[in-house]
Amino acid sequence: MDAQYNPRTVEEVFRDFKGRRAGLVRALTTDVEDFFRQCDPEKENLCLYGFPNEHWEVNLPAEEVPPELPEPALGINFARDGMQEKDWLSMVAVHGDAWLLSVAFYFGARFGFDKNDRKRLFSMINDLPTIFEVVSGKSKSKPPGANNHSNSKSKSNNKTKSSEPRAKQPKPQVKHEDREAGGPDDEEGGGRGVDEEHGETLCGACGESYGADEFWICCDICEKWFHGKCVKITPAKAEHIKQYKCPSCSNSYGSGNGKRARPS
């Protein structure tokens, strides 16, 4: 099958992940007619493989037990004619996403990645749209940092865009001299300082600070910011959220849609 090699660093594993991902995306989008044709239900159990060189292949599963690498979903061809094509491709995409993660973290376990390495690897992976998001059309085609021109807008300005969820706005930034001087944002948001509100904001879930090009979302109840990955909210999912409540506020306030007034 794959000409195996062993990526040993976080960056090498991520490159391996991106190459395999690109191959799967190609099979399910630009090469979809060829992929569909190869997945004949009359054949034996087939798997969709993605390779680090961005190529893909439909083939039988590895014969050795256990296999050298985790194996993709088995028998994807059997469901081809029993579902709508779009639904079938989405199903294969979801299984492809799961396989890519299993391969990446297999390498991480094999080469002894510690907690920080695993976290960094997942963060790099999570910055990419999933295969499912690409195939279903839910991913954004904008490159990372495409919205950075909005970073100079203050949090208070973001709040005035009531027609858009604040999750769609890039995490606010602030200049060093503004942090020194303070400002009206010190009082807005329940007494948190400018440092915390902007450049030094800490995620309400993991407690870590903001990083460039990371997706964040703000709770409309407690007005705390969260990494999207920490509260399991993707940019695509945020598009459909009119009012976001973090897990803590969801438990405390129930399912009501009333928006809490800002402290005066």
# chains A, B, ... in the order shown; residues from 1 in each chain; ligands from 1

$ residues_around --residues "region 71-77 of chain A" --least-positions-apart "4" --cutoff "8 Å" --atoms "only C-alpha atoms" --output "ChimeraX atom specification"
/A:39-41,43-49,61-62,67,92,95-96,99

$ write_last_selection --atoms "C-alpha atoms" --output "short mmCIF file (atom, residue, chain, number, x, y, z; two decimals), in the first residue's frame"
data_model
loop_
_atom_site.label_atom_id
_atom_site.label_comp_id
_atom_site.auth_asym_id
_atom_site.auth_seq_id
_atom_site.Cartn_x
_atom_site.Cartn_y
_atom_site.Cartn_z
CA CYS A 39 -16.18 1.68 -5.24
CA ASP A 40 -18.13 -1.10 -6.93
CA PRO A 41 -20.45 -2.82 -4.39
CA LYS A 43 -16.19 -6.09 -5.12
CA GLU A 44 -14.82 -7.19 -1.75
CA ASN A 45 -14.40 -4.89 1.25
CA LEU A 46 -12.67 -1.72 0.05
CA CYS A 47 -10.99 1.14 1.89
CA LEU A 48 -10.10 4.70 0.83
CA TYR A 49 -6.45 5.48 1.54
CA PRO A 61 -7.36 -3.57 3.59
CA ALA A 62 -3.88 -4.51 4.72
CA PRO A 67 -1.55 -3.49 10.41
CA VAL A 92 -16.93 8.45 3.66
CA HIS A 95 -14.71 8.18 8.36
CA GLY A 96 -11.77 9.76 6.55
CA TRP A 99 -8.83 7.82 10.15
#

$ residues_around --residues "Ala236 (chain A)" --least-positions-apart "2" --cutoff "7 Å" --atoms "only C-alpha atoms" --output "list in words"
Lys138, Ser139, Thr234, Ala238 and Glu239 of chain A

$ write_last_selection --atoms "all heavy atoms" --output "CSV table (one decimal), in the first residue's frame"
chain,number,residue,atom,x,y,z
A,138,LYS,N,-19.5,23.1,3.9
A,138,LYS,CA,-19.7,23.9,5.1
A,138,LYS,C,-18.4,24.7,5.5
A,138,LYS,O,-18.4,25.5,6.4
A,138,LYS,CB,-20.1,23.1,6.3
A,138,LYS,CG,-21.5,22.5,6.1
A,138,LYS,CD,-21.9,21.7,7.3
A,138,LYS,CE,-23.3,21.2,7.1
A,138,LYS,NZ,-23.8,20.4,8.3
A,139,SER,N,-17.3,24.3,4.8
A,139,SER,CA,-16.0,25.0,5.2
A,139,SER,C,-15.9,26.3,4.5
A,139,SER,O,-16.6,26.6,3.4
A,139,SER,CB,-14.8,24.1,4.7
A,139,SER,OG,-14.8,24.0,3.3
A,234,THR,N,-17.2,24.9,15.8
A,234,THR,CA,-16.4,25.2,14.6
A,234,THR,C,-16.9,26.5,14.0
A,234,THR,O,-18.1,26.9,14.2
A,234,THR,CB,-16.5,24.1,13.6
A,234,THR,OG1,-17.9,24.0,13.2
A,234,THR,CG2,-16.1,22.7,14.2
A,238,ALA,N,-20.8,27.9,14.0
A,238,ALA,CA,-21.1,29.2,14.6
A,238,ALA,C,-22.0,30.0,13.7
A,238,ALA,O,-22.7,30.9,14.1
A,238,ALA,CB,-19.8,29.9,14.9
A,239,GLU,N,-21.9,29.7,12.3
A,239,GLU,CA,-22.7,30.4,11.4
A,239,GLU,C,-24.2,30.3,11.7
A,239,GLU,O,-25.0,31.1,11.3
A,239,GLU,CB,-22.5,29.9,10.0
A,239,GLU,CG,-21.1,30.2,9.4
A,239,GLU,CD,-20.9,31.7,9.0
A,239,GLU,OE1,-22.0,32.3,8.9
A,239,GLU,OE2,-19.8,32.1,8.9

$ closest_residue --among "A:Ile221, A:Asp81, A:His227, A:His240" --to "Ser209 (chain A)" --atoms "only C-alpha atoms"
A:His227

$ closest_atom_pairs --of "region 43-161 of chain A" --to "region 7-25 of chain A" --cutoff "9 Å" --atoms "only C-alpha atoms" --output "tab-separated table"
residue	atom	partner	partner_atom	distance
A:Leu48	CA	A:Leu24	CA	7.6
A:Tyr49	CA	A:Leu24	CA	7.2
A:Gly50	CA	A:Arg20	CA	4.3
A:Phe51	CA	A:Arg20	CA	4.5
A:Pro52	CA	A:Gly19	CA	4.1
A:Asn53	CA	A:Gly19	CA	5.5
A:Glu54	CA	A:Gly23	CA	4.2
A:His55	CA	A:Gly23	CA	4.5
A:Trp56	CA	A:Gly23	CA	4.9
A:Glu57	CA	A:Gly23	CA	8.5
A:Ala93	CA	A:Leu24	CA	7.9
A:Gly96	CA	A:Leu24	CA	7.1
A:Asp97	CA	A:Arg21	CA	8.0
A:Leu100	CA	A:Phe17	CA	6.4
A:Leu101	CA	A:Phe17	CA	8.0
A:Val103	CA	A:Phe17	CA	7.9
A:Ala104	CA	A:Val13	CA	6.2
A:Phe105	CA	A:Val13	CA	8.7
A:Phe107	CA	A:Val13	CA	7.0
A:Gly108	CA	A:Val10	CA	7.8
A:Arg110	CA	A:Arg8	CA	8.7
A:Phe111	CA	A:Arg8	CA	6.2
A:Phe113	CA	A:Val10	CA	8.0
A:Asp117	CA	A:Val10	CA	6.5
A:Arg118	CA	A:Val10	CA	8.0
A:Arg120	CA	A:Val10	CA	7.6
A:Leu121	CA	A:Val10	CA	5.9
A:Phe122	CA	A:Phe14	CA	9.0
A:Met124	CA	A:Phe14	CA	7.3
A:Ile125	CA	A:Phe14	CA	7.0
A:Leu128	CA	A:Lys18	CA	8.9
A:Thr130	CA	A:Arg21	CA	8.7
A:Ile131	CA	A:Val25	CA	6.1
A:Phe132	CA	A:Val25	CA	9.0
A:Val134	CA	A:Val25	CA	7.5
A:Val135	CA	A:Val25	CA	7.5

$ closest_residue --among "A:Lys245, A:Lys229, A:Arg80, A:Arg37" --to "Asp127 (chain A)" --atoms "only C-alpha atoms"
A:Lys229

$ atom_distance --atom1 "CA of Ser250 (chain A)" --atom2 "CA of Asn116 (chain A)"
29.7 Å

$ select_by_dssp --residues "region 9-123 of chain A" --states "alpha helix (DSSP H)" --output "PyMOL selection string"
chain A and resi 10-28+32-38+85-110+115-123

$ atom_distance --atom1 "CA of Met83 (chain A)" --atom2 "CA of Pro70 (chain A)"
26.3 Å

$ residues_around --residues "Gly207 (chain A)" --least-positions-apart "5" --cutoff "9 Å" --atoms "only C-alpha atoms" --output "mmCIF file with N, CA and C atoms, in the first residue's frame"
data_model
loop_
_atom_site.group_PDB
_atom_site.id
_atom_site.type_symbol
_atom_site.label_atom_id
_atom_site.label_comp_id
_atom_site.auth_asym_id
_atom_site.auth_seq_id
_atom_site.Cartn_x
_atom_site.Cartn_y
_atom_site.Cartn_z
ATOM 1 N N THR A 201 -6.480 37.951 26.827
ATOM 2 C CA THR A 201 -7.668 37.201 27.195
ATOM 3 C C THR A 201 -7.329 35.726 27.354
ATOM 4 N N LEU A 202 -7.876 35.124 28.387
ATOM 5 C CA LEU A 202 -7.668 33.705 28.635
ATOM 6 C C LEU A 202 -8.936 32.948 28.290
ATOM 7 N N PHE A 226 -13.897 31.869 24.529
ATOM 8 C CA PHE A 226 -13.486 30.471 24.551
ATOM 9 C C PHE A 226 -12.852 30.105 23.213
#

$ atom_distance --atom1 "CA of Cys230 (chain A)" --atom2 "CA of Tyr106 (chain A)"
22.0 Å
